[in-house]
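As provided, data05.cif (mmCIF, C-alpha atoms and all ligand atoms) reads as follows.
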data_coords
loop_
_atom_site.label_atom_id
_atom_site.label_comp_id
_atom_site.auth_asym_id
_atom_site.auth_seq_id
_atom_site.Cartn_x
_atom_site.Cartn_y
_atom_site.Cartn_z
CA MET N 1 16.53 -9.62 5.76
CA ASN N 2 14.14 -7.95 3.36
CA ALA N 3 10.95 -9.72 2.35
CA ILE N 4 10.90 -7.86 -0.98
CA GLU N 5 13.72 -6.19 -2.88
CA VAL N 6 13.07 -4.27 -6.08
CA ARG N 7 16.29 -3.23 -7.82
CA ASP N 8 16.53 -0.88 -10.81
CA VAL N 9 13.31 -2.19 -12.30
CA THR N 10 12.07 -0.69 -15.54
CA LYS N 11 8.82 -1.68 -17.23
CA GLN N 12 7.54 -0.08 -20.38
CA LEU N 13 3.78 -0.31 -20.99
CA SER N 14 2.09 1.29 -24.00
CA HIS N 15 1.44 4.68 -22.33
CA PHE N 16 3.18 4.31 -18.99
CA THR N 17 6.67 3.59 -17.76
CA ILE N 18 7.97 2.34 -14.45
CA GLN N 19 11.49 3.68 -14.31
CA GLY N 20 14.48 2.73 -12.17
CA LEU N 21 12.24 1.44 -9.40
CA ASN N 22 14.20 0.81 -6.20
CA PHE N 23 12.77 -0.07 -2.83
CA SER N 24 12.80 -2.79 -0.21
CA ILE N 25 10.18 -4.08 2.17
CA PRO N 26 11.55 -5.12 5.57
CA LYS N 27 10.59 -8.52 6.96
CA GLY N 28 8.35 -8.53 10.03
CA TYR N 29 6.61 -5.22 9.37
CA VAL N 30 3.56 -3.75 7.65
CA THR N 31 4.31 -1.47 4.71
CA GLY N 32 1.63 0.61 3.04
CA PHE N 33 1.94 1.41 -0.65
CA ILE N 34 0.30 4.68 -1.62
CA GLY N 35 0.00 6.91 -4.65
CA GLN N 36 -2.61 8.58 -6.79
CA ASN N 37 -4.79 6.77 -9.34
CA GLY N 38 -2.62 5.54 -12.19
CA SER N 39 0.67 6.12 -10.32
CA GLY N 40 1.78 2.51 -10.86
CA LYS N 41 0.84 0.60 -7.69
CA THR N 42 -0.94 -2.30 -9.38
CA THR N 43 1.75 -2.50 -12.06
CA THR N 44 4.46 -2.65 -9.37
CA ILE N 45 2.57 -5.34 -7.44
CA GLN N 46 2.13 -7.35 -10.64
CA LEU N 47 5.87 -7.08 -11.29
CA ILE N 48 6.60 -8.31 -7.74
CA MET N 49 4.14 -11.19 -8.20
CA ASP N 50 5.72 -12.14 -11.53
CA VAL N 51 2.42 -11.52 -13.33
CA LEU N 52 4.36 -8.94 -15.37
CA ARG N 53 8.04 -9.28 -16.25
CA PRO N 54 10.36 -6.26 -16.05
CA ASN N 55 12.31 -5.05 -19.10
CA LYS N 56 15.27 -4.41 -16.81
CA GLY N 57 16.26 -4.96 -13.19
CA GLU N 58 15.55 -7.69 -10.66
CA ILE N 59 13.06 -8.50 -7.94
CA LYS N 60 13.83 -10.74 -5.00
CA LEU N 61 11.49 -12.27 -2.45
CA PHE N 62 13.23 -13.54 0.71
CA ASP N 63 16.55 -13.22 -1.15
CA ALA N 64 15.42 -15.54 -3.97
CA PRO N 65 14.34 -14.52 -7.48
CA ASN N 66 10.60 -13.78 -7.56
CA ARG N 67 10.12 -16.49 -10.22
CA ASP N 68 11.18 -19.18 -7.77
CA VAL N 69 8.23 -21.59 -7.36
CA GLU N 70 9.15 -22.54 -3.75
CA THR N 71 9.22 -18.87 -2.78
CA LYS N 72 5.80 -18.25 -4.32
CA GLN N 73 4.41 -20.82 -1.85
CA ARG N 74 5.29 -18.46 1.00
CA ILE N 75 3.19 -15.64 -0.39
CA GLY N 76 -0.50 -14.84 -0.07
CA PHE N 77 -1.68 -12.59 -2.88
CA VAL N 78 -4.85 -10.53 -2.73
CA TYR N 79 -5.73 -8.79 -5.95
CA ASP N 80 -8.27 -5.99 -6.35
CA GLU N 81 -10.25 -7.91 -8.92
CA LEU N 82 -10.98 -11.56 -8.30
CA TYR N 83 -8.77 -13.42 -10.73
CA MET N 84 -10.13 -16.85 -9.97
CA TYR N 85 -12.73 -18.80 -11.95
CA GLN N 86 -16.01 -17.38 -10.82
CA HIS N 87 -18.50 -19.99 -12.03
CA VAL N 88 -17.72 -22.30 -9.09
CA THR N 89 -18.47 -22.33 -5.36
CA ILE N 90 -15.85 -21.62 -2.70
CA ASN N 91 -15.48 -25.32 -1.92
CA GLN N 92 -14.99 -26.21 -5.60
CA MET N 93 -12.38 -23.47 -5.79
CA ARG N 94 -10.64 -24.96 -2.78
CA SER N 95 -10.17 -28.26 -4.65
CA PHE N 96 -8.22 -26.36 -7.37
CA ILE N 97 -6.13 -24.17 -5.08
CA LYS N 98 -5.35 -26.51 -2.17
CA PRO N 99 -2.99 -28.85 -4.11
CA LEU N 100 -0.84 -25.86 -5.11
CA TYR N 101 0.29 -25.20 -1.51
CA ASP N 102 2.22 -27.54 0.80
CA THR N 103 1.20 -25.39 3.75
CA TRP N 104 -2.54 -25.40 2.97
CA ASP N 105 -4.55 -25.68 6.20
CA ASP N 106 -8.24 -26.70 6.01
CA ASN N 107 -8.79 -25.60 9.60
CA LEU N 108 -7.60 -22.11 8.71
CA PHE N 109 -9.77 -22.17 5.59
CA ASN N 110 -12.88 -23.15 7.57
CA TYR N 111 -12.08 -20.63 10.31
CA TYR N 112 -11.75 -17.67 7.94
CA ARG N 113 -14.71 -18.75 5.81
CA ARG N 114 -16.91 -18.59 8.90
CA GLU N 115 -15.27 -15.35 10.14
CA PHE N 116 -15.88 -13.75 6.73
CA ASN N 117 -19.42 -15.15 6.62
CA LEU N 118 -18.98 -16.54 3.10
CA PRO N 119 -21.64 -18.95 1.77
CA THR N 120 -20.59 -22.36 0.45
CA ARG N 121 -23.51 -23.02 -1.92
CA GLN N 122 -23.53 -19.80 -3.93
CA LYS N 123 -21.29 -19.39 -6.99
CA ILE N 124 -18.52 -16.83 -6.62
CA LYS N 125 -19.76 -14.86 -9.64
CA GLU N 126 -22.96 -14.14 -7.68
CA PHE N 127 -21.02 -12.64 -4.77
CA SER N 128 -21.01 -8.90 -4.03
CA LYS N 129 -17.76 -6.94 -4.56
CA GLY N 130 -16.96 -7.10 -0.85
CA MET N 131 -17.65 -10.85 -0.72
CA LYS N 132 -15.28 -11.38 -3.66
CA MET N 133 -12.57 -9.43 -1.84
CA LYS N 134 -13.16 -11.57 1.26
CA THR N 135 -12.92 -14.71 -0.92
CA SER N 136 -9.61 -13.51 -2.32
CA LEU N 137 -8.40 -12.93 1.25
CA LEU N 138 -9.69 -16.33 2.38
CA PHE N 139 -7.60 -18.14 -0.24
CA ALA N 140 -4.55 -16.00 0.53
CA LEU N 141 -4.74 -16.70 4.27
CA ALA N 142 -5.61 -20.42 4.13
CA HIS N 143 -2.03 -21.43 3.33
CA ASP N 144 -0.66 -19.42 6.25
CA PRO N 145 1.62 -17.16 4.18
CA GLU N 146 4.74 -15.48 5.55
CA LEU N 147 4.29 -12.56 3.18
CA LEU N 148 0.91 -11.06 2.32
CA ILE N 149 0.88 -8.87 -0.78
CA MET N 150 -2.43 -7.14 -1.29
CA ASP N 151 -3.70 -4.71 -3.89
CA GLU N 152 -6.32 -2.52 -2.22
CA PRO N 153 -7.63 -5.22 0.11
CA THR N 154 -9.97 -2.87 1.95
CA ALA N 155 -11.58 -1.38 -1.18
CA GLY N 156 -15.27 -2.19 -1.43
CA LEU N 157 -15.54 -3.37 2.16
CA ASP N 158 -18.01 -1.90 4.62
CA PRO N 159 -16.46 0.19 7.44
CA VAL N 160 -17.17 -2.39 10.15
CA PHE N 161 -15.53 -5.27 8.28
CA ARG N 162 -12.65 -2.95 7.29
CA ARG N 163 -11.94 -2.29 10.96
CA GLU N 164 -12.24 -6.02 11.73
CA LEU N 165 -9.81 -6.75 8.92
CA ILE N 166 -7.30 -4.24 10.28
CA ASP N 167 -7.63 -6.03 13.67
CA LEU N 168 -7.03 -9.35 11.89
CA PHE N 169 -3.88 -7.98 10.22
CA HIS N 170 -2.68 -6.83 13.65
CA GLU N 171 -3.24 -10.37 14.98
CA LEU N 172 -1.39 -11.87 12.01
CA MET N 173 1.59 -9.64 12.79
CA GLU N 174 1.78 -10.71 16.43
CA ASP N 175 4.31 -13.51 15.94
CA GLU N 176 6.62 -11.08 14.07
CA LYS N 177 7.43 -13.68 11.42
CA ARG N 178 5.01 -12.26 8.94
CA THR N 179 5.26 -9.34 6.53
CA ILE N 180 2.44 -7.37 4.96
CA PHE N 181 2.75 -5.15 1.89
CA PHE N 182 -0.46 -3.59 0.67
CA SER N 183 -1.68 -0.75 -1.50
CA THR N 184 -4.56 1.44 -0.44
CA HIS N 185 -6.26 4.78 -0.95
CA ILE N 186 -7.69 4.68 2.56
CA THR N 187 -4.93 6.42 4.46
CA SER N 188 -6.72 6.05 7.82
CA ASP N 189 -6.11 2.27 7.48
CA LEU N 190 -2.39 3.02 7.26
CA ASP N 191 -2.49 5.28 10.33
CA ARG N 192 -3.90 2.28 12.21
CA LEU N 193 -1.66 -0.40 10.79
CA ALA N 194 1.46 0.59 8.86
CA ASP N 195 5.05 0.68 10.14
CA TYR N 196 6.49 1.92 6.83
CA ILE N 197 5.15 3.87 3.88
CA VAL N 198 6.20 3.73 0.23
CA LEU N 199 4.84 6.54 -1.95
CA ILE N 200 4.87 6.19 -5.74
CA ASP N 201 4.16 8.94 -8.26
CA TYR N 202 4.28 8.64 -12.07
CA GLY N 203 6.03 5.26 -11.78
CA LYS N 204 8.80 6.57 -9.48
CA ILE N 205 9.25 6.10 -5.74
CA GLN N 206 8.91 9.50 -4.07
CA LEU N 207 9.29 8.47 -0.48
CA GLN N 208 10.07 5.42 1.64
CA GLN N 209 10.10 6.01 5.39
CA SER N 210 8.89 4.60 8.67
CA MET N 211 5.78 6.16 10.18
CA THR N 212 7.97 7.34 13.08
CA GLU N 213 10.38 9.10 10.70
CA LEU N 214 7.45 10.70 8.91
CA GLU N 215 6.08 12.00 12.20
CA GLU N 216 9.47 13.37 13.23
CA ASN N 217 10.55 14.86 9.92
CA TYR N 218 7.44 16.45 8.45
CA HIS N 219 5.18 19.21 9.75
CA LEU N 220 2.02 20.81 8.50
CA VAL N 221 2.46 24.58 8.66
CA LYS N 222 -0.45 26.97 8.17
CA GLY N 223 -0.44 30.76 8.11
CA THR N 224 -1.09 33.93 6.13
CA LYS N 225 0.42 34.80 2.74
CA GLU N 226 2.59 37.44 4.47
CA GLN N 227 4.00 34.79 6.77
CA LEU N 228 4.69 32.54 3.81
CA SER N 229 6.80 35.24 2.17
CA ALA N 230 9.04 35.32 5.26
CA ILE N 231 9.89 31.58 5.15
CA ASP N 232 12.75 29.92 3.29
CA LYS N 233 10.83 28.09 0.54
CA GLU N 234 13.49 25.38 0.22
CA ALA N 235 12.25 23.84 3.48
CA PHE N 236 8.83 23.19 1.96
CA LEU N 237 8.17 20.00 0.04
CA GLY N 238 4.98 21.56 -1.25
CA VAL N 239 2.67 24.48 -0.56
CA ARG N 240 -0.95 25.21 -1.36
CA VAL N 241 -2.13 28.83 -1.27
CA THR N 242 -5.78 29.88 -1.09
CA ASN N 243 -7.54 33.19 -0.33
CA GLN N 244 -7.46 32.21 3.34
CA GLY N 245 -3.69 31.74 3.48
CA PHE N 246 -1.29 28.87 2.94
CA SER N 247 -0.69 25.35 4.14
CA GLY N 248 2.66 23.73 3.51
CA LEU N 249 4.53 20.51 4.16
CA TYR N 250 7.65 21.52 6.04
CA GLN N 251 10.69 19.29 6.43
CA GLY N 252 13.03 19.63 9.37
CA ASP N 253 13.22 21.59 12.59
CA THR N 254 10.37 24.07 13.10
CA GLN N 255 12.30 26.10 15.69
CA SER N 256 13.19 28.80 13.13
CA LEU N 257 9.51 29.22 12.24
CA LEU N 258 8.66 29.88 15.86
CA LEU N 259 11.31 32.63 15.97
CA LEU N 260 9.87 34.49 12.96
CA GLN N 261 8.54 37.90 13.95
CA THR N 262 4.96 37.81 12.70
CA ASP N 263 1.83 39.50 13.99
CA GLN N 264 0.22 36.16 14.83
CA PRO N 265 1.79 32.73 15.39
CA MET N 266 1.76 30.19 12.59
CA VAL N 267 -0.03 26.90 13.16
CA ILE N 268 2.29 23.90 13.23
CA GLU N 269 0.61 20.49 13.29
CA LYS N 270 1.30 16.84 12.65
CA PRO N 271 0.31 16.14 9.04
CA SER N 272 -1.86 13.18 8.15
CA LEU N 273 -0.74 10.95 5.27
CA GLU N 274 -3.50 12.54 3.23
CA ASP N 275 -2.09 16.03 4.01
CA MET N 276 1.35 14.82 2.88
CA MET N 277 0.11 13.38 -0.40
CA TYR N 278 -1.97 16.48 -1.13
CA LEU N 279 0.77 18.95 -0.26
CA MET N 280 3.56 17.09 -2.03
CA LYS N 281 1.56 17.58 -5.21
CA GLY N 282 1.40 21.32 -4.41
CA LYS N 283 3.91 23.70 -5.95
CA LYS N 284 6.93 25.04 -4.21
CA ARG N 285 6.60 28.81 -4.03
N1 LIG V 301 -1.79 -3.93 -19.23
C1 LIG V 301 -1.54 -2.64 -19.40
N2 LIG V 301 -1.20 -2.16 -20.61
C2 LIG V 301 -0.92 -0.86 -20.79
N3 LIG V 301 -0.99 0.06 -19.82
C3 LIG V 301 -1.33 -0.34 -18.60
C4 LIG V 301 -1.63 -1.71 -18.31
N4 LIG V 301 -1.91 -1.82 -16.99
C5 LIG V 301 -1.83 -0.57 -16.50
N5 LIG V 301 -1.47 0.32 -17.44
C6 LIG V 301 -1.26 1.78 -17.26
O1 LIG V 301 -0.28 1.95 -16.26
C7 LIG V 301 -0.57 3.11 -15.47
C8 LIG V 301 -0.52 2.72 -14.02
O2 LIG V 301 -1.61 1.87 -13.71
P1 LIG V 301 -1.72 1.11 -12.33
O3 LIG V 301 -2.96 0.25 -12.42
O4 LIG V 301 -0.45 0.46 -12.02
O5 LIG V 301 -1.96 2.32 -11.30
P2 LIG V 301 -2.47 2.31 -9.80
O6 LIG V 301 -1.53 3.19 -9.04
O7 LIG V 301 -2.67 0.93 -9.31
O8 LIG V 301 -3.86 3.05 -9.97
P3 LIG V 301 -5.24 2.96 -9.12
O9 LIG V 301 -4.96 3.61 -7.80
O10 LIG V 301 -6.18 3.77 -9.95
O11 LIG V 301 -5.63 1.52 -9.01
C9 LIG V 301 -1.92 3.64 -15.95
O12 LIG V 301 -1.67 4.74 -16.77
C10 LIG V 301 -2.50 2.48 -16.76
O13 LIG V 301 -3.27 2.97 -17.82
#
Could you rewrite the structure in this file as structure tokens?
Amino acid sequence: MNAIEVRDVTKQLSHFTIQGLNFSIPKGYVTGFIGQNGSGKTTTIQLIMDVLRPNKGEIKLFDAPNRDVETKQRIGFVYDELYMYQHVTINQMRSFIKPLYDTWDDNLFNYYRREFNLPTRQKIKEFSKGMKMKTSLLFALAHDPELLIMDEPTAGLDPVFRRELIDLFHELMEDEKRTIFFSTHITSDLDRLADYIVLIDYGKIQLQQSMTELEENYHLVKGTKEQLSAIDKEAFLGVRVTNQGFSGLYQGDTQSLLLLQTDQPMVIEKPSLEDMMYLMKGKKR
């Protein structure tokens, strides 16, 4: 079963359109949602969370419409800006949020509050950016959600806590009942955590694959401009050329590249997610 299904969704904003959005997020896995600034990640997450309504298409969570109140109970939502009332303390906030969830667990709340080192006497509006993100996470985790949907949860966090958070997400995934879908610009977090990747560009899904498929199917090829002219350009998803030579994202079997008669061998490496995003924006030559 899929935890999230987005089918033919269109959303028209004043200067931006999400068009014919189709993707699904498998249950029991971690999926990273990537794309450049303004590519539509937050808008897509808001559509999934029913904060925005699509003009066309449908979104299902655990096979039920995303407007279903019971289904919303199963989801922990972490937003990149704290959407909660900020003039209260964490404990006052708890008294508002707790009644909304049947599965609310005070032990979990107290555990994560201590783990995240969040003060109980200070008002949330006085928290640092990182503390606000931790507060958002605390409230998402305290009702033991089956599906965690997070918009840039690691943004604004110091590197040590970011690593600890990735460890926590690993722990949360251990019982295999949970699903995580999160957007990020920090691709090293995805290398550590993600099973699947969804890449969005200009409001359209460019790529949805497992990390294993990505590793098997894509190669980073580097060489001289002369070598580039000898390669079938159709096999490249994108190429960047500089004075030093070229680097390209190559799809498929690299055997034919190794057979090319060139004065020096080309470099063939495993691309990072960052390489892929950068090169996919490069032109085909
Ligand atoms: N409420 C809104 N009204 C009109 N346009 C909007 C609204 N919210 C977002 N947009 C536009 O939609 C586009 C996509 O924005 P979105 O926040 O979804 O991108 P993003 O991929 O999350 O970007 P970032 O990585 O910078 O957070 C942008 O051009 C933005 O200006």
Contacts of chain N with ligand LIG 301 (chain V) up to 10 Å, shortest pair per row, only C-alpha atoms and all ligand atoms, as a tab-separated table:
residue	atom	partner	partner_atom	distance
N:Lys11	CA	V:LIG301	O1	9.8
N:Gln12	CA	V:LIG301	C2	8.5
N:Leu13	CA	V:LIG301	C2	4.7
N:Ser14	CA	V:LIG301	C2	4.9
N:His15	CA	V:LIG301	N3	5.8
N:Phe16	CA	V:LIG301	O1	5.0
N:Thr17	CA	V:LIG301	O1	7.3
N:Ile18	CA	V:LIG301	O1	8.5
N:Phe33	CA	V:LIG301	O6	9.3
N:Ile34	CA	V:LIG301	O6	7.8
N:Gly35	CA	V:LIG301	O6	6.0
N:Gln36	CA	V:LIG301	O9	5.6
N:Asn37	CA	V:LIG301	O10	3.4
N:Gly38	CA	V:LIG301	O5	3.4
N:Ser39	CA	V:LIG301	O6	3.9
N:Gly40	CA	V:LIG301	O4	3.2
N:Lys41	CA	V:LIG301	O6	3.8
N:Thr42	CA	V:LIG301	O7	3.7
N:Thr43	CA	V:LIG301	O4	3.7
N:Thr44	CA	V:LIG301	O4	6.4
N:Ile45	CA	V:LIG301	O4	8.0
N:Gln46	CA	V:LIG301	O4	8.3
N:Leu47	CA	V:LIG301	O4	9.9
N:Leu52	CA	V:LIG301	N1	8.8
N:Asp80	CA	V:LIG301	O11	8.4
N:Asp151	CA	V:LIG301	O7	7.9
N:Glu152	CA	V:LIG301	O11	7.9
N:Ser183	CA	V:LIG301	O7	8.0
N:Thr184	CA	V:LIG301	O9	7.7
N:His185	CA	V:LIG301	O9	7.1
N:Ile200	CA	V:LIG301	O6	7.8
N:Asp201	CA	V:LIG301	O6	8.1
N:Tyr202	CA	V:LIG301	C8	7.9
N:Gly203	CA	V:LIG301	C8	7.4
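Shortest atom-to-atom contact with Pro26 of chain N among N:Glu115, N:Asp8, N:Glu216, N:Asp195: N:Asp195, counting all atoms listed in the file.
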Original post:
Which distance in Å separates atom CA of Leu141 of chain N and atom CA of Thr187 of chain N, to one decimal?
Top reply: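 Separating atom CA of Leu141 of chain N from atom CA of Thr187 of chain N is a distance of 23.1 Å.
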At a cut-off of 10 Å, using all atoms listed in the file, what residues contact Gln227 of chain N? Leave out same-chain residues fewer than 2 positions from it and give the result as a PDB file with C-alpha atoms, in the frame of the given file.
ATOM      1  CA  LYS N 222      -0.450  26.970   8.170  1.00  0.00           C
ATOM      2  CA  GLY N 223      -0.440  30.760   8.110  1.00  0.00           C
ATOM      3  CA  THR N 224      -1.090  33.930   6.130  1.00  0.00           C
ATOM      4  CA  LYS N 225       0.420  34.800   2.740  1.00  0.00           C
ATOM      5  CA  SER N 229       6.800  35.240   2.170  1.00  0.00           C
ATOM      6  CA  ALA N 230       9.040  35.320   5.260  1.00  0.00           C
ATOM      7  CA  ILE N 231       9.890  31.580   5.150  1.00  0.00           C
ATOM      8  CA  GLY N 245      -3.690  31.740   3.480  1.00  0.00           C
ATOM      9  CA  PHE N 246      -1.290  28.870   2.940  1.00  0.00           C
ATOM     10  CA  LEU N 257       9.510  29.220  12.240  1.00  0.00           C
ATOM     11  CA  LEU N 260       9.870  34.490  12.960  1.00  0.00           C
ATOM     12  CA  GLN N 261       8.540  37.900  13.950  1.00  0.00           C
ATOM     13  CA  THR N 262       4.960  37.810  12.700  1.00  0.00           C
ATOM     14  CA  ASP N 263       1.830  39.500  13.990  1.00  0.00           C
ATOM     15  CA  GLN N 264       0.220  36.160  14.830  1.00  0.00           C
ATOM     16  CA  PRO N 265       1.790  32.730  15.390  1.00  0.00           C
ATOM     17  CA  MET N 266       1.760  30.190  12.590  1.00  0.00           C
TER      18      MET N 266
END
Subject >> Atomic distance atom CA of Ile97 of chain N - atom CA of Phe139 of chain N, expressed in Å with one decimal >> reply: 7.9 Å
Original post:
Which residue out of N:Asp63, N:Asp106, N:Glu176, N:Glu146 has the minimum interatomic distance to Asn2 of chain N when all atoms listed in the file are used?
Top reply: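 When distances to Asn2 of chain N are compared using all atoms listed in the file, the smallest one comes from N:Asp63.
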Original post:
Got a sec: who's within 8 Å of Val88 of chain N, counting all atoms listed in the file, leaving out chain neighbours fewer than 4 positions off, as a list of chain:residue names?
Top reply: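 So the residues in contact are N:Gln92, N:Met93, N:Lys123, N:Ile124, N:Lys125.
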Provide an axis-aligned box for all listed atoms of segment 150-161 of chain N, padding each side by 8 Å; report its centre and its edge lengths in Å to one decimal, as lines of an AutoDock Vina configuration file.
center_x = -10.2
center_y = -3.5
center_z = 3.1
size_x = 31.6
size_y = 23.3
size_z = 30.0
Original post:
Using all atoms listed in the file, which residues sit within 8 Å of Thr10 of chain N once same-chain residues fewer than 5 positions away are excluded, as a PyMOL selection string?
Top reply: chain N and resi 17-21+54-57
Subject >> Between atom CA of Gly252 of chain N and atom CA of Ala235 of chain N, distance in Å (one decimal) >> reply: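 One can read the atom CA of Gly252 of chain N to atom CA of Ala235 of chain N distance as 7.3 Å.
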Subject >> Which residue of N:Arg240, N:Lys60, N:Lys177, N:Arg74 approaches Leu100 of chain N most closely, using all atoms listed in the file >> reply: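 Among N:Arg240, N:Lys60, N:Lys177, N:Arg74, it is N:Arg74 that comes nearest to Leu100 of chain N.
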**OP:** Excluding segment 75-77 of chain N and residues on its chain fewer than 5 positions from it, collect all residues at most 10 Å away from it, counting all atoms listed in the file, and give them as number ranges by chain.
**Re:** N: 45, 49, 61, 70, 136-151, 153, 179-182
Subject >> Spatial neighbours of Ser247 of chain N, max dist 12 Å, all atoms listed in the file, sep filter under 3 positions, as a PyMOL selection string >> reply: chain N and resi 219-225+227-228+236-244+250+266-269+271+275-276+278-280+282-285
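Using only C-alpha atoms, the nearest neighbour of Ile25 of chain N within the list N:Glu215, N:Glu5, N:Asp232, N:Asp253 is N:Glu5.
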**OP:** Pick out the closest residue to Leu190 of chain N from this set: N:Gln209, N:Phe127, N:Val30, N:Asn217. Count only C-alpha atoms.
**Re:** N:Val30
**OP:** Give the answer as one residue: which of N:Met131, N:Met277, N:Leu214, N:Leu108 has the shortest atom-to-atom distance to Asp158 of chain N, using all atoms listed in the file?
**Re:** N:Met131
